[in-house]
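K.L.:
Input file: structure-v7.json. Contents: JSON, C-alpha atoms.
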[["chain", "number", "residue", "atom", "x", "y", "z"],
["A", 59, "MET", "CA", 1.16, -22.99, -21.93],
["A", 60, "MET", "CA", 0.27, -19.74, -23.65],
["A", 61, "ALA", "CA", 0.80, -16.38, -22.00],
["A", 62, "ALA", "CA", -2.31, -14.41, -21.12],
["A", 63, "ILE", "CA", -3.21, -11.77, -23.67],
["A", 64, "GLN", "CA", -3.25, -8.33, -22.09],
["A", 65, "LYS", "CA", -5.82, -5.79, -23.13],
["A", 66, "PRO", "CA", -4.13, -2.64, -24.49],
["A", 67, "LYS", "CA", -4.24, 0.47, -22.33],
["A", 68, "THR", "CA", -6.47, 3.26, -23.59],
["A", 69, "ARG", "CA", -7.13, 6.80, -22.42],
["A", 70, "LYS", "CA", -10.45, 5.67, -20.97],
["A", 71, "THR", "CA", -8.76, 3.18, -18.64],
["A", 72, "THR", "CA", -6.44, 5.87, -17.25],
["A", 73, "THR", "CA", -9.01, 8.67, -16.96],
["A", 74, "CYS", "CA", -10.35, 9.46, -13.50],
["A", 75, "PRO", "CA", -14.05, 10.47, -13.23],
["A", 76, "ILE", "CA", -13.13, 13.24, -10.77],
["A", 77, "PHE", "CA", -9.79, 14.59, -11.95],
["A", 78, "GLY", "CA", -9.71, 13.60, -15.62],
["A", 79, "ASN", "CA", -6.47, 12.55, -17.30],
["A", 80, "PRO", "CA", -3.40, 12.07, -15.13],
["A", 81, "LYS", "CA", -0.49, 14.43, -15.75],
["A", 82, "GLU", "CA", 2.73, 15.72, -14.27],
["A", 83, "LEU", "CA", 2.83, 18.71, -11.94],
["A", 84, "ASP", "CA", 3.34, 22.11, -13.54],
["A", 85, "SER", "CA", 6.67, 23.23, -12.10],
["A", 86, "ARG", "CA", 5.84, 26.92, -12.64],
["A", 87, "LEU", "CA", 2.82, 27.03, -10.29],
["A", 88, "LEU", "CA", 2.25, 26.06, -6.69],
["A", 89, "PRO", "CA", 0.09, 22.92, -6.90],
["A", 90, "THR", "CA", -3.55, 22.57, -6.00],
["A", 91, "TYR", "CA", -4.98, 19.37, -4.57],
["A", 92, "GLU", "CA", -6.21, 18.54, -8.07],
["A", 93, "GLY", "CA", -2.69, 18.88, -9.46],
["A", 94, "VAL", "CA", -1.25, 16.68, -6.74],
["A", 95, "MET", "CA", -3.87, 13.98, -7.33],
["A", 96, "LYS", "CA", -3.37, 14.10, -11.11],
["A", 97, "CYS", "CA", 0.35, 13.69, -10.48],
["A", 98, "TYR", "CA", -0.39, 10.78, -8.12],
["A", 99, "LEU", "CA", -2.47, 9.09, -10.79],
["A", 100, "TRP", "CA", 0.23, 9.81, -13.41],
["A", 101, "TRP", "CA", 2.92, 8.15, -11.29],
["A", 102, "LYS", "CA", 0.60, 5.22, -10.54],
["A", 103, "HIS", "CA", 0.01, 4.67, -14.25],
["A", 104, "LYS", "CA", 3.70, 5.11, -15.10],
["A", 105, "LEU", "CA", 4.81, 2.62, -12.43],
["A", 106, "LYS", "CA", 2.13, 0.12, -13.51],
["A", 107, "LEU", "CA", 3.80, -0.07, -16.91],
["A", 108, "THR", "CA", 6.74, -1.83, -15.24],
["A", 109, "GLY", "CA", 4.46, -4.81, -14.66],
["A", 110, "GLN", "CA", 3.70, -4.61, -10.94],
["A", 111, "GLU", "CA", 1.00, -2.85, -8.99],
["A", 112, "PRO", "CA", 2.81, 0.12, -7.39],
["A", 113, "LYS", "CA", 2.60, 0.66, -3.66],
["A", 114, "ALA", "CA", 0.89, 3.80, -2.36],
["A", 115, "ALA", "CA", 3.99, 4.62, -0.31],
["A", 116, "ASP", "CA", 6.20, 4.61, -3.43],
["A", 117, "ILE", "CA", 3.80, 6.81, -5.37],
["A", 118, "SER", "CA", 3.34, 9.21, -2.45],
["A", 119, "GLU", "CA", 7.11, 9.51, -2.07],
["A", 120, "ARG", "CA", 7.57, 10.56, -5.70],
["A", 121, "VAL", "CA", 4.70, 13.03, -5.60],
["A", 122, "ALA", "CA", 5.99, 14.50, -2.33],
["A", 123, "LEU", "CA", 9.47, 15.04, -3.77],
["A", 124, "GLU", "CA", 8.07, 16.79, -6.85],
["A", 125, "THR", "CA", 5.78, 18.97, -4.74],
["A", 126, "GLU", "CA", 8.57, 19.91, -2.34],
["A", 127, "GLN", "CA", 10.82, 20.89, -5.25],
["A", 128, "ILE", "CA", 8.20, 23.33, -6.54],
["A", 129, "TRP", "CA", 7.90, 24.96, -3.10],
["A", 130, "PHE", "CA", 11.71, 25.10, -2.74],
["A", 131, "ARG", "CA", 11.99, 26.90, -6.09],
["A", 132, "ALA", "CA", 9.45, 29.42, -4.83],
["A", 133, "SER", "CA", 11.72, 30.02, -1.80],
["A", 134, "ILE", "CA", 8.94, 29.20, 0.63],
["A", 135, "PRO", "CA", 9.87, 27.21, 3.75],
["A", 136, "ILE", "CA", 7.85, 24.01, 4.01],
["A", 137, "VAL", "CA", 6.77, 21.48, 6.63],
["A", 138, "SER", "CA", 8.70, 18.22, 7.10],
["A", 139, "HIS", "CA", 8.82, 15.55, 4.41],
["A", 140, "LYS", "CA", 6.91, 13.19, 6.72],
["A", 141, "ARG", "CA", 4.08, 15.73, 7.03],
["A", 142, "VAL", "CA", 3.92, 16.19, 3.23],
["A", 143, "LEU", "CA", 3.55, 12.42, 2.86],
["A", 144, "GLN", "CA", 0.78, 12.42, 5.49],
["A", 145, "LEU", "CA", -1.11, 15.16, 3.64],
["A", 146, "ILE", "CA", -0.87, 13.31, 0.33],
["A", 147, "ARG", "CA", -1.94, 10.00, 1.83],
["A", 148, "ALA", "CA", -4.85, 11.57, 3.75],
["A", 149, "TYR", "CA", -6.20, 13.28, 0.64],
["A", 150, "HIS", "CA", -5.72, 10.13, -1.43],
["A", 151, "ASP", "CA", -7.58, 8.13, 1.23],
["A", 152, "SER", "CA", -10.53, 10.54, 1.08],
["A", 153, "TYR", "CA", -10.46, 10.25, -2.73],
["A", 154, "MET", "CA", -10.44, 6.44, -2.54],
["A", 155, "LYS", "CA", -13.28, 6.47, -0.01],
["A", 156, "LEU", "CA", -15.33, 8.56, -2.42],
["A", 157, "MET", "CA", -14.45, 6.34, -5.40],
["A", 158, "LYS", "CA", -15.14, 3.09, -3.54],
["A", 159, "ASN", "CA", -18.75, 2.83, -4.70],
["A", 160, "TYR", "CA", -18.42, 4.69, -8.01],
["A", 161, "LYS", "CA", -19.71, 1.93, -10.31],
["A", 162, "GLY", "CA", -22.82, 1.32, -8.25],
["A", 163, "ARG", "CA", -23.65, 4.95, -7.48],
["A", 164, "HIS", "CA", -22.40, 6.99, -10.46],
["A", 165, "LYS", "CA", -25.98, 7.85, -11.50],
["A", 166, "ASP", "CA", -27.22, 8.81, -8.01],
["A", 167, "LYS", "CA", -27.83, 12.57, -7.73],
["A", 168, "SER", "CA", -26.50, 12.93, -4.18],
["A", 169, "TYR", "CA", -23.35, 10.99, -5.11],
["A", 170, "ILE", "CA", -22.84, 13.14, -8.22],
["A", 171, "SER", "CA", -23.13, 16.25, -6.07],
["A", 172, "LYS", "CA", -20.49, 14.86, -3.65],
["A", 173, "LEU", "CA", -18.16, 14.19, -6.59],
["A", 174, "SER", "CA", -18.76, 17.68, -7.95],
["A", 175, "CYS", "CA", -18.11, 19.29, -4.57],
["A", 176, "PHE", "CA", -14.91, 17.26, -4.11],
["A", 177, "ARG", "CA", -13.74, 18.20, -7.64],
["A", 178, "ASP", "CA", -14.45, 21.92, -7.16],
["A", 179, "ASP", "CA", -12.75, 21.94, -3.76],
["A", 180, "SER", "CA", -9.64, 20.27, -5.15],
["A", 181, "LYS", "CA", -9.40, 22.74, -8.06],
["A", 182, "ASN", "CA", -9.67, 25.81, -5.85],
["A", 183, "LYS", "CA", -7.63, 24.73, -2.83],
["A", 184, "LEU", "CA", -3.86, 25.14, -2.78],
["A", 185, "PHE", "CA", -1.88, 22.13, -1.58],
["A", 186, "ASP", "CA", -0.39, 24.24, 1.17],
["A", 187, "ILE", "CA", 2.75, 22.82, 2.72],
["A", 188, "ALA", "CA", 4.21, 26.16, 3.84],
["A", 189, "ALA", "CA", 5.83, 26.02, 7.26],
["A", 190, "CYS", "CA", 4.42, 29.35, 8.46],
["A", 191, "LYS", "CA", 0.64, 29.79, 8.54],
["A", 192, "CYS", "CA", 0.49, 33.17, 10.29],
["A", 193, "LEU", "CA", -1.12, 36.28, 8.82],
["A", 194, "MET", "CA", 1.07, 39.02, 7.40],
["A", 195, "SER", "CA", 0.16, 41.46, 10.18],
["A", 196, "ASP", "CA", 1.25, 38.97, 12.87],
["A", 197, "SER", "CA", 4.87, 38.41, 13.66],
["A", 198, "CYS", "CA", 6.21, 34.87, 13.53]]
I'd like the structure from this file rewritten - as structure tokens, please.
P.N.:
Amino acid sequence: MMAAIQKPKTRKTTTCPIFGNPKELDSRLLPTYEGVMKCYLWWKHKLKLTGQEPKAADISERVALETEQIWFRASIPIVSHKRVLQLIRAYHDSYMKLMKNYKGRHKDKSYISKLSCFRDDSKNKLFDIAACKCLMSDSC
């Protein structure tokens, strides 16, 4: 019996319509939600090359560790590892909910505006895992 011929991977198959091409986190900057999701997609693609479909928990774990390392290097205390995983999974779930009907709705104007709003929000919003959320004038 002959083995199934696999279609070669191209940039188009790895590109996300919201975030673009997956890539690693920039270790010199605190990550935005966009950066975290691009890193998530990068790890997903990298782990797929091993032959199995990676589990969301495995991908989230790797992204969380990378994100935490960046915050540690900035000397900023962070929330627990469990909470970081929850934040990553929650944002990924909202991304997947939005992408669920992409093929059927990618030309719909209201859907395009939702994608655009989600994209802009993720670019401008810091993936904030700092432990202290008080204002500078307040005392902790």
K.L.:
Which of these, A:Leu184, A:Ile146, A:Cys175, A:Met157, has the shortest distance to Met95 of chain A once you count only C-alpha atoms?
P.N.:
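Checking each of A:Leu184, A:Ile146, A:Cys175, A:Met157 against Met95 of chain A, counting only C-alpha atoms, the winner is A:Ile146.
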K.L.:
So the first atom is atom CA of Glu82 of chain A and the second is atom CA of Cys97 of chain A; what is the distance between them in Å, to one decimal place?
P.N.:
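These two atoms are separated by 4.9 Å.
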K.L.:
Report, in Å to a single decimal, how far apart atom CA of Ser133 of chain A and atom CA of Cys192 of chain A are.
P.N.:
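For atom CA of Cys192 of chain A relative to atom CA of Ser133 of chain A, the distance reads 16.8 Å.
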K.L.:
Which of these residues is nearest to Ser180 of chain A, using only C-alpha atoms: A:Leu83, A:Leu156, A:Val94, A:Ala132?
P.N.:
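Looking at the shortest contact to Ser180 of chain A, the residue is A:Val94.
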K.L.:
Just need the box for segment 179-188 of chain A, edges along x, y and z, holding every atom the file lists for it with 8 Å tacked onto each side, so centre and edge lengths in Å to one decimal, as JSON.
P.N.:
{"center_x": -4.3, "center_y": 23.2, "center_z": -2.1, "size_x": 33.0, "size_y": 21.9, "size_z": 27.9}
K.L.:
Select, from A:Lys155, A:Lys104, A:Arg147, A:Arg86, the residue with the minimum atom-to-atom distance to Glu124 of chain A, counting all atoms listed in the file.
P.N.:
A:Arg86
K.L.:
When you draw a straight line from atom CA of Lys140 of chain A to atom CA of Ser118 of chain A, how long is it in Å?
P.N.:
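Separation between atom CA of Lys140 of chain A and atom CA of Ser118 of chain A: 10.6 Å.
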K.L.:
Closest to Lys172 of chain A among A:Ile76, A:Glu119, A:Pro89, A:Lys102, using only C-alpha atoms?
P.N.:
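Between A:Ile76, A:Glu119, A:Pro89, A:Lys102, the residue approaching Lys172 of chain A most closely is A:Ile76.
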K.L.:
Measuring atom to atom with all atoms listed in the file, identify which of A:Arg120, A:Val137, A:Tyr98, A:His150 is nearest to Cys190 of chain A.
P.N.:
A:Val137
K.L.:
Find the residues around Trp129 of chain A up to 10 Å (only C-alpha atoms counted), leave out those fewer than 2 positions away in its own chain, and share them as a PyMOL selection string.
P.N.:
chain A and resi 85-89+124-127+131-136+186-188
K.L.:
If you keep C-alpha atoms, can you produce a file of those selected residues as a PDB file, in the coordinates of the input?
P.N.:
ATOM      1  CA  SER A  85       6.670  23.230 -12.100  1.00  0.00           C
ATOM      2  CA  ARG A  86       5.840  26.920 -12.640  1.00  0.00           C
ATOM      3  CA  LEU A  87       2.820  27.030 -10.290  1.00  0.00           C
ATOM      4  CA  LEU A  88       2.250  26.060  -6.690  1.00  0.00           C
ATOM      5  CA  PRO A  89       0.090  22.920  -6.900  1.00  0.00           C
ATOM      6  CA  GLU A 124       8.070  16.790  -6.850  1.00  0.00           C
ATOM      7  CA  THR A 125       5.780  18.970  -4.740  1.00  0.00           C
ATOM      8  CA  GLU A 126       8.570  19.910  -2.340  1.00  0.00           C
ATOM      9  CA  GLN A 127      10.820  20.890  -5.250  1.00  0.00           C
ATOM     10  CA  ARG A 131      11.990  26.900  -6.090  1.00  0.00           C
ATOM     11  CA  ALA A 132       9.450  29.420  -4.830  1.00  0.00           C
ATOM     12  CA  SER A 133      11.720  30.020  -1.800  1.00  0.00           C
ATOM     13  CA  ILE A 134       8.940  29.200   0.630  1.00  0.00           C
ATOM     14  CA  PRO A 135       9.870  27.210   3.750  1.00  0.00           C
ATOM     15  CA  ILE A 136       7.850  24.010   4.010  1.00  0.00           C
ATOM     16  CA  ASP A 186      -0.390  24.240   1.170  1.00  0.00           C
ATOM     17  CA  ILE A 187       2.750  22.820   2.720  1.00  0.00           C
ATOM     18  CA  ALA A 188       4.210  26.160   3.840  1.00  0.00           C
TER      19      ALA A 188
END
K.L.:
Using all atoms listed in the file, which of A:Tyr153, A:Lys81, A:Arg163, A:Leu143 sits nearest Arg177 of chain A?
P.N.:
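Checking each of A:Tyr153, A:Lys81, A:Arg163, A:Leu143 against Arg177 of chain A, counting all atoms listed in the file, the winner is A:Tyr153.
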